[in-house]
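Shown next, in structure tokens, is the structure this report addresses.
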Amino acid sequence: MRVALLVALLTQLTATSGIAQTYSPQTPVPRTTSAPALRAVAVRREIEERFTIGLAAEGRSDWKAAAAEFERIVALRPPEPLGSTARYDLAIAYANLQRNEDAARELRAALSLDPGFLAAMANLVSIDIALRNLSEARKVADRYMTLAPDSARALYSRGIVALQAGDAATARDDFGKLLHVNPSYAVAHYDLALAEERLGRYDAAERELRSALGLAPGYARARLALGVVLLREGEHGAARNAFAQATVDASGDPALQNIAAAMRDSIKSPQ
Amino acid sequence: MMEAVSRIPLLRVLTAALLAGAIFCLGRFGIAGAASLDDLLAGALAPSAAPALLGPITSAGRVGWECKPERAAGAAGWQEAELPLDRGTP
């Protein structure tokens with residue numbers, strides 16, 4: 001009887017110990033009574049919580065709430081990688097609040113904390129383009145290319161900046177390299193064609209546009225560009241046909257459709 | 001996301017309307033006689049859009065395979081890099 005009682009008691013103790021292990025606390029109890037150390041633990045905990053809340057707010061497109069969380073994190077001056085990451089996330093919130101100047105400032109700060117932060121460079125180029133700050137966009141894009149020469153986004157971004165800034169030679173090189181690895185990316189064929197057209201190489205431009213249209217027959221912008229190139233080559237009939245097709249393909253894009261229709265109508269049809 | 005980084009759509013519509021009007025007027029007099037044809041044609045060829053912003057990053061930071069935006073920023077393939085599509089492209 002006594003042995004049975006002892007066995008039952010030991011079994012109960014083992015089970016209790018198992019339960020206690022299962023429900024161990026998630027946050028360890030601070031092993032210090034030092035005020036600065038306790039404050040550091042509290043700040044670290046606040047930063048983690050604000051990241052969670054801020055990212056959840058960005059997930060539901062509540063950009064104002066997200067910005068408030070990341071602003072507070074930045075004010076707490078967290079160590080790396082938290083500092084550059086908080087500024088990166090804050091920039092996304094600002095950009096969505098149409099505060100592109102502030103977004104650019106935060107991304108530059110993130111890059112000064114972490115100079116190899118590729119995603120921050122990528123977003124900064126896009127924001128500088130939106131701000132029409134092409135000289136800054138080009139500087140960042142050059143740095144991005146130096147750090148990640150095989151990056152498709154670096155090549156594309158610098159190519160777009162170069163095209164917008166009138167540097168067709170750089171655009172041609174960048175889109176050419178991008179297409180070497182990504183021959184099925186129709187948009188890059190279109191942009192390479194624009195670079196070739198600006199360099200006066202109409203045959204190469206036409207070839208790229210036909211490649212783009214081979215990949216995407218309904219690509220209205222490429223069809224319109226083909227019409228322009230054909231017009232430059234003196235092929236008025238073929239150009240008119242291209243503009244007519246672009247008018248059809250651009251349904252749903254009134255701006256593009258208006259241009260295509262006006263171009264089509266500006267060419268006299270053969271009698 | 002693109003709406004956030006750009007006010008280009010409104011500008012594009014305005015530019016398109018002006019350009020279309022100019023081309024229409026030009027057409028009335030015949031293309032051969034147009035002194036500013038080059039300018040008009042060049043204006044019709046707009047570069048593609050800038051890439052949309054890459055997404056947020058957690059408190060773990062950018063290093064490691066779990067960080068999708070940083071991976072996208074360094075990827076060699078256009079789809080993994082999240083490069084833009086245009087109307088009519090697959």
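Going through the structure tokens in order, the chains are called A, B, and so on, while each chain numbers its residues from 1 and the ligands are numbered from 1 in the order shown.
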
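Using only C-alpha atoms, one finds that the residues of chain A close to chain B, at 6 Å or less, are Pro81, Leu82, Thr85, Asp89, Ala95, Asn96, Gln98, Leu118, Ala119, Asn123, Ser126, Ile127, Ala130, Asp150, Ser151, Ala152, Arg153, Ala216, Gly218, Tyr219, Ala255, Asn258, Ile259, Ala262 and Ser266 of chain A.
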
* Write out as JSON, numbers by chain which residues come within 6 Å of stretch 192-198 of chain A when counting only C-alpha atoms, dropping same-chain ones fewer than 6 positions away. => {"A": [168, 172, 175, 205, 208]}

* Non-local contacts of A:Phe70 (8 Å; only C-alpha atoms; under 3 positions in same chain excluded) as an NGL selection string -> :A and (50-51 or 54 or 66-67 or 73-74 or 86-87 or 89-90)

* Mind listing the helix (DSSP H, G or I) residues of stretch 13-205 of chain A, per DSSP on the backbone, as JSON, numbers by chain? => {"A": [13, 14, 15, 16, 17, 18, 19, 20, 21, 22, 35, 36, 37, 38, 39, 40, 41, 42, 43, 44, 45, 46, 47, 48, 49, 50, 51, 52, 53, 54, 55, 56, 57, 58, 59, 63, 64, 65, 66, 67, 68, 69, 70, 71, 72, 73, 74, 75, 82, 83, 84, 85, 86, 87, 88, 89, 90, 91, 92, 93, 94, 95, 96, 100, 101, 102, 103, 104, 105, 106, 107, 108, 109, 110, 111, 112, 113, 118, 119, 120, 121, 122, 123, 124, 125, 126, 127, 128, 129, 130, 134, 135, 136, 137, 138, 139, 140, 141, 142, 143, 144, 145, 146, 147, 152, 153, 154, 155, 156, 157, 158, 159, 160, 161, 162, 163, 164, 165, 168, 169, 170, 171, 172, 173, 174, 175, 176, 177, 178, 179, 180, 181, 186, 187, 188, 189, 190, 191, 192, 193, 194, 195, 196, 197, 198, 202, 203, 204, 205]}
